[in-house]
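**Student:** I'd like to ask some things about the structure below.
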4 protein chains.
Amino acid sequence: MEDTQSRTDERKLPIQKVGIKNIRYPLAVSNGNGNLQHTVATFDMAVELPQDQKGTHMSRFVEALNEFQESVSLSGIQRLVNVLKKKLPSPGVFLRVEFPYFLEKKAPVTGSASMMDYTIILTAESHEDDRITATLIIPVTTLCPCSKNISEYGAHNQRGLVELHVRFADPATADFDRLIRCVEETSSCEVFALLKREDEKFVTERAYENPVFVEDLVRDIALKLAKEGNVNWFKVEVTNFESIHHHDAYAMIDSDHISGFRTLEALAATVKTK
Amino acid sequence: MEDTQSRTDERKLPIQKVGIKNIRYPLAVSNGNGNLQHTVATFDMAVELPQDQKGTHMSRFVEALNEFQESVSLSGIQRLVNVLKKKLPSPGVFLRVEFPYFLEKKAPVTGSASMMDYTIILTAESHEDDRITATLIIPVTTLCPCSKNISEYGAHNQRGLVELHVRFADPATADFDRLIRCVEETSSCEVFALLKREDEKFVTERAYENPVFVEDLVRDIALKLAKEGNVNWFKVEVTNFESIHHHDAYAMIDSDHISGFRTLEALAATVKTK
Amino acid sequence: MEDTQSRTDERKLPIQKVGIKNIRYPLAVSNGNGNLQHTVATFDMAVELPQDQKGTHMSRFVEALNEFQESVSLSGIQRLVNVLKKKLPSPGVFLRVEFPYFLEKKAPVTGSASMMDYTIILTAESHEDDRITATLIIPVTTLCPCSKNISEYGAHNQRGLVELHVRFADPATADFDRLIRCVEETSSCEVFALLKREDEKFVTERAYENPVFVEDLVRDIALKLAKEGNVNWFKVEVTNFESIHHHDAYAMIDSDHISGFRTLEALAATVKTK
Amino acid sequence: MEDTQSRTDERKLPIQKVGIKNIRYPLAVSNGNGNLQHTVATFDMAVELPQDQKGTHMSRFVEALNEFQESVSLSGIQRLVNVLKKKLPSPGVFLRVEFPYFLEKKAPVTGSASMMDYTIILTAESHEDDRITATLIIPVTTLCPCSKNISEYGAHNQRGLVELHVRFADPATADFDRLIRCVEETSSCEVFALLKREDEKFVTERAYENPVFVEDLVRDIALKLAKEGNVNWFKVEVTNFESIHHHDAYAMIDSDHISGFRTLEALAATVKTK
């Protein structure tokens, strides 16, 4: 039976990415801190195709998933890249894995426990070097400083989503839970699945005491990340589902584009105690 | 060329709905108040298929759309149903049209104008009788009464979406803009695309002065609708994108299931001035 | 601290549903056949609120989730309803759980194994009686009989999604895997995550040999379900992502609306061997 | 009333993007060829925020939309960028506009006319220079060459989406309709909203005669674009909603990453007649 994909291609055009998208697979996730949990992930997997090859072998991506028996972590992703490289020899490999991630949190006053859900996306781009990025999507409360300042009482507040993209000096010791806490502590208030009345009083007052614009939140998170020794690069995005509008507010800082801050160390040195 | 769809079917099974979904078409929308605007709509169109017919003729749904040259309104929908009935003789016709709808609103203090977007869905189910339903999706601000009561300062608030489903005694005089205003006035505060600083102070304080649970909002809207003479049936749903949680709060009242209120007149009689 | 929600409400309006939506929680799923797997589910939970009560206690829904330590199945859902009834005394309880579900499948010729993903939704509506419904969303291949008949070669085919809604005489013995197989066998061809070249030849030819309109597929599935002794009610929907259009084709049969078929037994008696 | 946003910020961190997202506004669209149509667009608008400024003035983005009275085109976008620059002085401006776009198409045999919908996204990034990119999302039919080669009869085919990202030498003469036709002619077959039986025979046979992998389609489109004198840069992505899988196939070529092709002229010179 002819292998159509293996024919020689005369068009002299390499393809930067070819593969499969949106395939769901059950898997376990482990964090640097030893936390192991079952989840369901959605994978995109692709390779670079040299100019003289007509097509890739799509089924081998699924075989690679089948053979990958370990839990997903930043190190695990690295090993899945290696499985892909062996099955689909190519100058470049691309991988994206998205999954829900849970932490048990205790309500601030009553201590009532509940599971809080986040979304994590791990991407690996492997050419001569490998570049692995973790994206954490973290819901928070934000309360508007302007609204608080100008109003006799109250202040508009809303759910916001922080998207934190990070690359680590040492992926093996990356700690997602620590990054999540860093973002939550920086917002007007963290959110919880379960709050009793005493807790609701606490989070309402805490948010009122800690107003932040989207601009403040990306800056404050950037300053905290600059002090994380294991973080080589970050981009932080905040989207507020404004309670007073039908549209959203948005801000973004990319550590590569901070003029005047040549190194993250220099950035960290400027951090003031708030 | 054989017409496969017209073959006789031996399975003795009528099909309740068969047709096309998710077809986008540009069109104009008119309201009972004469407001005419250009928009883009997404249509679902279906018929009932008798048990002895193998298939419907899908292309005729698109031909019906082509022939329908007028603007979409509750009366227009009725005429599109009639076009479908002529092209696809059937005991039942089903139609769903969803489109964005805009109103110019003025900010409460500065009077700054901007366009506010809503979503409208019109559905028609035609068997012996026709039943036409309008759904209006209206964003609002809601502020939590419990959070306000128990906290020293502040109160959590958030964007909410009200879904109002209505059937009219006289569709020709239905006024979407009036229903939208009814919902907006009942919420903690209406939302705007454009607010200057003076307006932001106004909406912040107004929301603080008018706290509503999702339960309050569906009840208050129900009471107002009960006084609308042209409303035969309604269902009102509210979803709050809670600022203190990653999940949503939800409430729903269906006028058909209000025990003890046999008629909407009786319901209206109980309305108190708030 | 005042319990605002427990105040008496004077508006005399019961609320049919009030609760929380879109809360994600990790859980295990078990099938009637003993299959147990870890997954992540999204819950909607609501109760009916009597007319004299101002609000429900939203946190109790999350507490119910926390206390529910067993795997989700049709029986498990029943027990979660009971937990809710105890925590939130109410004339009515509503529950919806959606989660991905996986089966290992072997490719038809090479026998290569891979995980196939489905979506399952379980809903429970509990008033005086409980009514539990399972919805299975199953991807399939469909090939157009008309296109095959009129063309010299080829036939358009596409991915379709079957949504099967079922209520069981005895939920404890419901077998999701059997229903999934029933739908897959009835389509032009089932789909797989992993197909080698020999398998691709098989599925291509099998689909060409088994053309079905959306109308055929809902009818053939209806006839098969009518023979399932444990099925009390069903609705089957098929959506084809037509390869020759940008819109979709759709058909639906609801066992309650089959005129001339008073009982499912009568329906089953008419089934012919295809 | 204090202008909180105008306070001086001490954190020494510029923000790369801050603004609003997901605001819907009705507008007219014009193409280089004079085609003018009404549509509804969704805007994202942002500016760069210097390090010494606490916040941006979100309401000015909406004011800019209000003041922008002309139709959206590549030149129109440029003028909206200029309005933003005047209202929100900043080293950088970012704009994204997404809208449905329609062309009337005639079925290939019967000539039956219908409206075909596409999605267009225009983005502008303005720092010292302006960079405007048009993205066209175009549905097509793709038929698998491997499936055709190895099977006795039939071949799996499916709906695919081509995402074409283009930057022009002269935006004023950019012709979206010409680019759409270029993609449609290159696929196995273009798709239509309305096909009669004779047309369905035509598109079925045409697709069977023109099998393409996702790899073929991105290469063939790349070769055609290389001959478009007005195209300075392109990226072409194809996603196939595989009829034999529940996941998608994907390929991408970026003209910046074609090693061995230093200029698009060189690329164009290699194009062979297919």
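Naming scheme: A, B, ... for chains in displayed order of the structure tokens; residues 1 onward per chain; ligands 1 onward as shown.
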Superimpose chain B on chain A so that the squared distances between all in-order C-alpha pairs are minimised, and send the result as an mmCIF file with C-alpha atoms, in the first residue's frame.
**Tutor:**
```cif
data_model
loop_
_atom_site.group_PDB
_atom_site.id
_atom_site.type_symbol
_atom_site.label_atom_id
_atom_site.label_comp_id
_atom_site.auth_asym_id
_atom_site.auth_seq_id
_atom_site.Cartn_x
_atom_site.Cartn_y
_atom_site.Cartn_z
ATOM 1 C CA MET B 1 -0.034 0.015 -0.028
ATOM 2 C CA GLU B 2 1.598 3.249 -1.146
ATOM 3 C CA ASP B 3 2.811 5.709 1.470
ATOM 4 C CA THR B 4 1.574 8.893 -0.200
ATOM 5 C CA GLN B 5 2.996 11.121 2.537
ATOM 6 C CA SER B 6 6.551 9.870 1.917
ATOM 7 C CA ARG B 7 6.642 10.969 -1.716
ATOM 8 C CA THR B 8 9.192 13.590 -2.667
ATOM 9 C CA ASP B 9 7.822 17.108 -2.887
ATOM 10 C CA GLU B 10 9.056 19.386 -5.686
ATOM 11 C CA ARG B 11 7.645 22.674 -4.404
ATOM 12 C CA LYS B 12 10.788 23.483 -2.382
ATOM 13 C CA LEU B 13 8.722 24.816 0.520
ATOM 14 C CA PRO B 14 9.411 23.669 4.070
ATOM 15 C CA ILE B 15 6.368 23.763 6.383
ATOM 16 C CA GLN B 16 6.948 25.362 9.790
ATOM 17 C CA LYS B 17 4.274 23.357 11.560
ATOM 18 C CA VAL B 18 2.198 20.349 10.598
ATOM 19 C CA GLY B 19 0.357 18.038 12.952
ATOM 20 C CA ILE B 20 -2.836 17.463 14.916
ATOM 21 C CA LYS B 21 -4.949 19.758 17.074
ATOM 22 C CA ASN B 22 -7.625 19.447 19.747
ATOM 23 C CA ILE B 23 -7.082 15.829 20.738
ATOM 24 C CA ARG B 24 -8.292 15.094 24.292
ATOM 25 C CA TYR B 25 -6.504 12.535 26.412
ATOM 26 C CA PRO B 26 -6.767 11.675 30.115
ATOM 27 C CA LEU B 27 -3.532 12.140 32.059
ATOM 28 C CA ALA B 28 -1.957 12.857 35.396
ATOM 29 C CA VAL B 29 -0.264 16.171 36.208
ATOM 30 C CA SER B 30 2.579 16.687 38.623
ATOM 31 C CA ASN B 31 3.918 19.937 39.952
ATOM 32 C CA GLY B 32 7.449 20.695 41.147
ATOM 33 C CA ASN B 33 6.118 20.428 44.702
ATOM 34 C CA GLY B 34 5.093 16.789 44.299
ATOM 35 C CA ASN B 35 1.371 17.457 43.921
ATOM 36 C CA LEU B 36 -0.042 14.742 41.565
ATOM 37 C CA GLN B 37 -3.550 14.897 40.182
ATOM 38 C CA HIS B 38 -5.711 13.293 37.463
ATOM 39 C CA THR B 39 -7.036 15.567 34.780
ATOM 40 C CA VAL B 40 -8.062 15.641 31.109
ATOM 41 C CA ALA B 41 -5.815 17.469 28.676
ATOM 42 C CA THR B 42 -6.211 18.831 25.165
ATOM 43 C CA PHE B 43 -3.098 18.455 22.995
ATOM 44 C CA ASP B 44 -1.799 20.179 19.873
ATOM 45 C CA MET B 45 1.271 18.442 18.417
ATOM 46 C CA ALA B 46 3.260 19.389 15.332
ATOM 47 C CA VAL B 47 6.597 19.051 13.582
ATOM 48 C CA GLU B 48 8.480 21.051 10.993
ATOM 49 C CA LEU B 49 8.355 19.378 7.568
ATOM 50 C CA PRO B 50 11.448 19.586 5.323
ATOM 51 C CA GLN B 51 10.910 20.951 1.840
ATOM 52 C CA ASP B 52 11.410 17.636 0.029
ATOM 53 C CA GLN B 53 8.786 15.647 1.951
ATOM 54 C CA LYS B 54 5.165 15.614 0.801
ATOM 55 C CA GLY B 55 3.496 14.986 4.144
ATOM 56 C CA THR B 56 3.899 14.047 7.786
ATOM 57 C CA HIS B 57 2.544 10.856 9.386
ATOM 58 C CA MET B 58 -0.314 12.113 11.527
ATOM 59 C CA SER B 59 -0.926 8.771 13.276
ATOM 60 C CA ARG B 60 2.518 8.896 14.897
ATOM 61 C CA PHE B 61 1.492 11.857 17.057
ATOM 62 C CA VAL B 62 -1.224 9.723 18.617
ATOM 63 C CA GLU B 63 1.209 6.821 19.008
ATOM 64 C CA ALA B 64 3.543 9.168 20.886
ATOM 65 C CA LEU B 65 0.690 10.083 23.236
ATOM 66 C CA ASN B 66 -0.015 6.382 23.791
ATOM 67 C CA GLU B 67 3.607 5.635 24.602
ATOM 68 C CA PHE B 68 3.873 8.558 27.001
ATOM 69 C CA GLN B 69 2.895 6.831 30.211
ATOM 70 C CA GLU B 70 4.119 9.360 32.759
ATOM 71 C CA SER B 71 2.534 12.386 34.334
ATOM 72 C CA VAL B 72 2.676 15.780 32.660
ATOM 73 C CA SER B 73 5.024 18.286 34.225
ATOM 74 C CA LEU B 74 7.599 20.642 32.795
ATOM 75 C CA SER B 75 10.044 17.721 32.769
ATOM 76 C CA GLY B 76 7.403 15.348 31.440
ATOM 77 C CA ILE B 77 6.699 17.683 28.542
ATOM 78 C CA GLN B 78 10.399 17.614 27.726
ATOM 79 C CA ARG B 79 10.296 13.819 27.550
ATOM 80 C CA LEU B 80 7.182 13.838 25.367
ATOM 81 C CA VAL B 81 9.087 16.147 22.994
ATOM 82 C CA ASN B 82 11.818 13.500 22.897
ATOM 83 C CA VAL B 83 9.301 10.738 22.111
ATOM 84 C CA LEU B 84 7.977 12.879 19.250
ATOM 85 C CA LYS B 85 11.487 13.502 17.917
ATOM 86 C CA LYS B 86 12.172 9.768 17.783
ATOM 87 C CA LYS B 87 8.888 8.931 16.061
ATOM 88 C CA LEU B 88 8.875 11.882 13.661
ATOM 89 C CA PRO B 89 12.466 12.887 12.875
ATOM 90 C CA SER B 90 12.280 16.614 12.153
ATOM 91 C CA PRO B 91 14.279 19.805 12.671
ATOM 92 C CA GLY B 92 11.473 21.160 14.882
ATOM 93 C CA VAL B 93 8.841 19.876 17.261
ATOM 94 C CA PHE B 94 5.909 21.822 18.734
ATOM 95 C CA LEU B 95 3.691 20.748 21.596
ATOM 96 C CA ARG B 96 0.816 22.409 23.485
ATOM 97 C CA VAL B 97 -1.071 20.838 26.383
ATOM 98 C CA GLU B 98 -3.982 22.538 28.133
ATOM 99 C CA PHE B 99 -5.692 21.160 31.235
ATOM 100 C CA PRO B 100 -7.663 22.185 34.318
ATOM 101 C CA TYR B 101 -5.641 22.202 37.536
ATOM 102 C CA PHE B 102 -6.988 22.187 41.084
ATOM 103 C CA LEU B 103 -5.775 23.396 44.461
ATOM 104 C CA GLU B 104 -7.530 22.920 47.762
ATOM 105 C CA LYS B 105 -8.047 26.327 49.367
ATOM 106 C CA LYS B 106 -9.345 27.262 52.787
ATOM 107 C CA ALA B 107 -11.773 30.160 53.176
ATOM 108 C CA PRO B 108 -10.070 33.097 54.955
ATOM 109 C CA VAL B 109 -12.121 33.188 58.177
ATOM 110 C CA THR B 110 -14.025 29.921 58.593
ATOM 111 C CA GLY B 111 -11.287 27.813 57.014
ATOM 112 C CA SER B 112 -13.903 25.923 54.982
ATOM 113 C CA ALA B 113 -12.074 23.903 52.323
ATOM 114 C CA SER B 114 -12.948 23.720 48.647
ATOM 115 C CA MET B 115 -11.258 22.950 45.337
ATOM 116 C CA MET B 116 -10.265 25.949 43.233
ATOM 117 C CA ASP B 117 -9.854 25.421 39.488
ATOM 118 C CA TYR B 118 -7.208 27.028 37.297
ATOM 119 C CA THR B 119 -6.190 26.391 33.692
ATOM 120 C CA ILE B 120 -2.600 25.487 32.830
ATOM 121 C CA ILE B 121 -1.111 25.438 29.332
ATOM 122 C CA LEU B 122 2.359 24.017 28.714
ATOM 123 C CA THR B 123 4.009 24.661 25.362
ATOM 124 C CA ALA B 124 7.283 23.300 24.048
ATOM 125 C CA GLU B 125 9.029 24.530 20.924
ATOM 126 C CA SER B 126 12.064 22.451 20.103
ATOM 127 C CA HIS B 127 14.500 23.339 17.325
ATOM 128 C CA GLU B 128 18.184 23.247 18.169
ATOM 129 C CA ASP B 129 17.249 24.203 21.705
ATOM 130 C CA ASP B 130 14.052 23.486 23.598
ATOM 131 C CA ARG B 131 11.913 26.331 24.867
ATOM 132 C CA ILE B 132 9.249 25.389 27.349
ATOM 133 C CA THR B 133 6.656 27.879 28.548
ATOM 134 C CA ALA B 134 4.046 27.504 31.257
ATOM 135 C CA THR B 135 0.857 29.574 31.129
ATOM 136 C CA LEU B 136 -1.291 29.774 34.258
ATOM 137 C CA ILE B 137 -4.795 31.254 34.034
ATOM 138 C CA ILE B 138 -5.865 32.481 37.454
ATOM 139 C CA PRO B 139 -9.211 34.094 38.369
ATOM 140 C CA VAL B 140 -9.098 37.017 40.843
ATOM 141 C CA THR B 141 -11.213 39.893 42.142
ATOM 142 C CA THR B 142 -10.246 43.419 41.078
ATOM 143 C CA LEU B 143 -11.683 46.625 42.548
ATOM 144 C CA CYS B 144 -11.362 49.943 40.692
ATOM 145 C CA PRO B 145 -9.258 52.632 42.475
ATOM 146 C CA CYS B 146 -10.874 55.460 40.496
ATOM 147 C CA SER B 147 -14.404 54.310 41.314
ATOM 148 C CA LYS B 148 -13.460 54.068 45.016
ATOM 149 C CA ASN B 149 -11.777 57.490 45.052
ATOM 150 C CA ILE B 150 -14.555 59.463 43.445
ATOM 151 C CA SER B 151 -17.600 57.762 45.000
ATOM 152 C CA GLU B 152 -19.229 58.490 48.349
ATOM 153 C CA TYR B 153 -19.604 54.757 48.959
ATOM 154 C CA GLY B 154 -18.952 51.511 47.140
ATOM 155 C CA ALA B 155 -16.607 50.832 44.235
ATOM 156 C CA HIS B 156 -17.141 48.756 41.142
ATOM 157 C CA ASN B 157 -15.358 45.423 41.215
ATOM 158 C CA GLN B 158 -15.416 42.303 39.045
ATOM 159 C CA ARG B 159 -13.928 38.961 38.224
ATOM 160 C CA GLY B 160 -10.633 39.251 36.378
ATOM 161 C CA LEU B 161 -8.457 36.624 34.715
ATOM 162 C CA VAL B 162 -4.686 36.798 35.025
ATOM 163 C CA GLU B 163 -2.739 34.955 32.314
ATOM 164 C CA LEU B 164 0.800 34.399 33.452
ATOM 165 C CA HIS B 165 3.287 33.094 30.876
ATOM 166 C CA VAL B 166 6.620 32.007 32.348
ATOM 167 C CA ARG B 167 9.870 30.371 31.255
ATOM 168 C CA PHE B 168 12.095 28.904 33.979
ATOM 169 C CA ALA B 169 15.839 28.694 34.502
ATOM 170 C CA ASP B 170 15.359 25.208 35.911
ATOM 171 C CA PRO B 171 12.040 23.687 34.819
ATOM 172 C CA ALA B 172 12.521 20.728 37.168
ATOM 173 C CA THR B 173 12.041 22.927 40.219
ATOM 174 C CA ALA B 174 9.237 25.108 38.839
ATOM 175 C CA ASP B 175 6.432 25.457 41.351
ATOM 176 C CA PHE B 176 3.040 26.317 39.835
ATOM 177 C CA ASP B 177 1.339 26.613 43.239
ATOM 178 C CA ARG B 178 3.812 29.275 44.324
ATOM 179 C CA LEU B 179 3.159 31.326 41.164
ATOM 180 C CA ILE B 180 -0.589 31.025 41.660
ATOM 181 C CA ARG B 181 -0.247 32.283 45.246
ATOM 182 C CA CYS B 182 1.938 35.158 44.030
ATOM 183 C CA VAL B 183 -0.799 36.312 41.636
ATOM 184 C CA GLU B 184 -3.611 35.814 44.126
ATOM 185 C CA GLU B 185 -1.866 37.813 46.852
ATOM 186 C CA THR B 186 -1.295 40.689 44.441
ATOM 187 C CA SER B 187 -4.916 41.088 43.314
ATOM 188 C CA SER B 188 -7.606 43.056 45.185
ATOM 189 C CA CYS B 189 -8.630 39.705 46.616
ATOM 190 C CA GLU B 190 -8.242 36.052 45.673
ATOM 191 C CA VAL B 191 -11.384 34.074 44.777
ATOM 192 C CA PHE B 192 -12.686 30.880 46.375
ATOM 193 C CA ALA B 193 -15.233 28.216 45.435
ATOM 194 C CA LEU B 194 -16.661 28.178 48.975
ATOM 195 C CA LEU B 195 -17.234 31.232 51.205
ATOM 196 C CA LYS B 196 -19.427 31.364 54.301
ATOM 197 C CA ARG B 197 -20.897 34.660 55.512
ATOM 198 C CA GLU B 198 -17.886 35.582 57.682
ATOM 199 C CA ASP B 199 -15.609 34.887 54.703
ATOM 200 C CA GLU B 200 -17.733 37.012 52.393
ATOM 201 C CA LYS B 201 -17.374 39.970 54.783
ATOM 202 C CA PHE B 202 -13.619 39.404 54.758
ATOM 203 C CA VAL B 203 -13.204 39.267 50.961
ATOM 204 C CA THR B 204 -15.526 42.240 50.421
ATOM 205 C CA GLU B 205 -13.546 44.430 52.813
ATOM 206 C CA ARG B 206 -10.186 43.149 51.647
ATOM 207 C CA ALA B 207 -11.007 43.994 48.015
ATOM 208 C CA TYR B 208 -12.168 47.475 49.075
ATOM 209 C CA GLU B 209 -8.881 48.005 50.915
ATOM 210 C CA ASN B 210 -6.780 46.886 47.931
ATOM 211 C CA PRO B 211 -8.038 48.610 44.799
ATOM 212 C CA VAL B 212 -6.066 47.888 41.597
ATOM 213 C CA PHE B 213 -6.401 48.980 38.000
ATOM 214 C CA VAL B 214 -5.451 46.342 35.395
ATOM 215 C CA GLU B 215 -2.347 48.528 35.014
ATOM 216 C CA ASP B 216 -1.503 48.150 38.722
ATOM 217 C CA LEU B 217 -2.044 44.436 38.710
ATOM 218 C CA VAL B 218 0.273 43.686 35.763
ATOM 219 C CA ARG B 219 2.922 45.984 37.259
ATOM 220 C CA ASP B 220 2.726 44.500 40.758
ATOM 221 C CA ILE B 221 2.849 40.941 39.435
ATOM 222 C CA ALA B 222 5.812 41.888 37.215
ATOM 223 C CA LEU B 223 7.680 43.265 40.218
ATOM 224 C CA LYS B 224 7.068 40.095 42.184
ATOM 225 C CA LEU B 225 8.131 37.827 39.328
ATOM 226 C CA ALA B 226 11.331 39.832 38.956
ATOM 227 C CA LYS B 227 12.316 38.596 42.388
ATOM 228 C CA GLU B 228 11.703 34.939 41.511
ATOM 229 C CA GLY B 229 15.175 33.581 40.843
ATOM 230 C CA ASN B 230 13.900 30.709 38.715
ATOM 231 C CA VAL B 231 12.010 32.925 36.247
ATOM 232 C CA ASN B 232 13.908 33.713 33.005
ATOM 233 C CA TRP B 233 11.123 35.404 31.131
ATOM 234 C CA PHE B 234 7.496 36.296 31.749
ATOM 235 C CA LYS B 235 4.507 37.931 30.163
ATOM 236 C CA VAL B 236 1.564 38.864 32.350
ATOM 237 C CA GLU B 237 -1.885 39.711 30.994
ATOM 238 C CA VAL B 238 -4.960 40.793 32.958
ATOM 239 C CA THR B 239 -8.511 40.889 31.600
ATOM 240 C CA ASN B 240 -11.240 42.453 33.775
ATOM 241 C CA PHE B 241 -14.857 41.574 33.015
ATOM 242 C CA GLU B 242 -15.876 45.108 33.982
ATOM 243 C CA SER B 243 -19.055 45.210 36.054
ATOM 244 C CA ILE B 244 -20.023 48.643 34.668
ATOM 245 C CA HIS B 245 -19.472 47.819 30.973
ATOM 246 C CA HIS B 246 -20.281 45.053 28.515
ATOM 247 C CA HIS B 247 -16.666 45.094 27.338
ATOM 248 C CA ASP B 248 -13.452 44.137 29.130
ATOM 249 C CA ALA B 249 -10.381 46.031 30.353
ATOM 250 C CA TYR B 250 -6.963 44.620 29.504
ATOM 251 C CA ALA B 251 -3.283 45.194 30.273
ATOM 252 C CA MET B 252 -0.052 43.340 29.431
ATOM 253 C CA ILE B 253 3.625 43.509 30.362
ATOM 254 C CA ASP B 254 6.277 41.422 28.584
ATOM 255 C CA SER B 255 9.642 41.241 30.385
ATOM 256 C CA ASP B 256 11.412 41.382 27.013
ATOM 257 C CA HIS B 257 10.028 44.842 26.282
ATOM 258 C CA ILE B 258 10.768 46.722 29.469
ATOM 259 C CA SER B 259 13.052 49.503 28.218
ATOM 260 C CA GLY B 260 15.490 50.701 30.868
ATOM 261 C CA PHE B 261 15.372 47.325 32.614
ATOM 262 C CA ARG B 262 18.106 45.348 30.953
ATOM 263 C CA THR B 263 17.964 42.497 33.406
ATOM 264 C CA LEU B 264 15.378 41.102 35.725
ATOM 265 C CA GLU B 265 17.830 41.655 38.589
ATOM 266 C CA ALA B 266 17.701 45.383 37.926
ATOM 267 C CA LEU B 267 13.953 45.187 37.842
ATOM 268 C CA ALA B 268 13.812 43.376 41.142
ATOM 269 C CA ALA B 269 16.049 45.975 42.782
ATOM 270 C CA THR B 270 13.422 48.643 42.188
ATOM 271 C CA VAL B 271 10.679 46.808 44.025
ATOM 272 C CA LYS B 272 9.339 48.777 46.960
ATOM 273 C CA THR B 273 7.397 47.392 49.806
ATOM 274 C CA LYS B 274 3.805 48.316 49.138
#
```
**Student:** Taking the chain letters and numbering used in this document, name the residues of range 12-199 of chain D that DSSP puts in alpha helix (DSSP H), as a count of residues only.
**Tutor:** 43
**Student:** Could you find all residues in range 93-233 of chain D that DSSP calls strand (DSSP E) from the backbone, and write them as a PyMOL selection string?
**Tutor:** chain D and resi 93-106+113-126+130-143+157-168+189-190+231-233
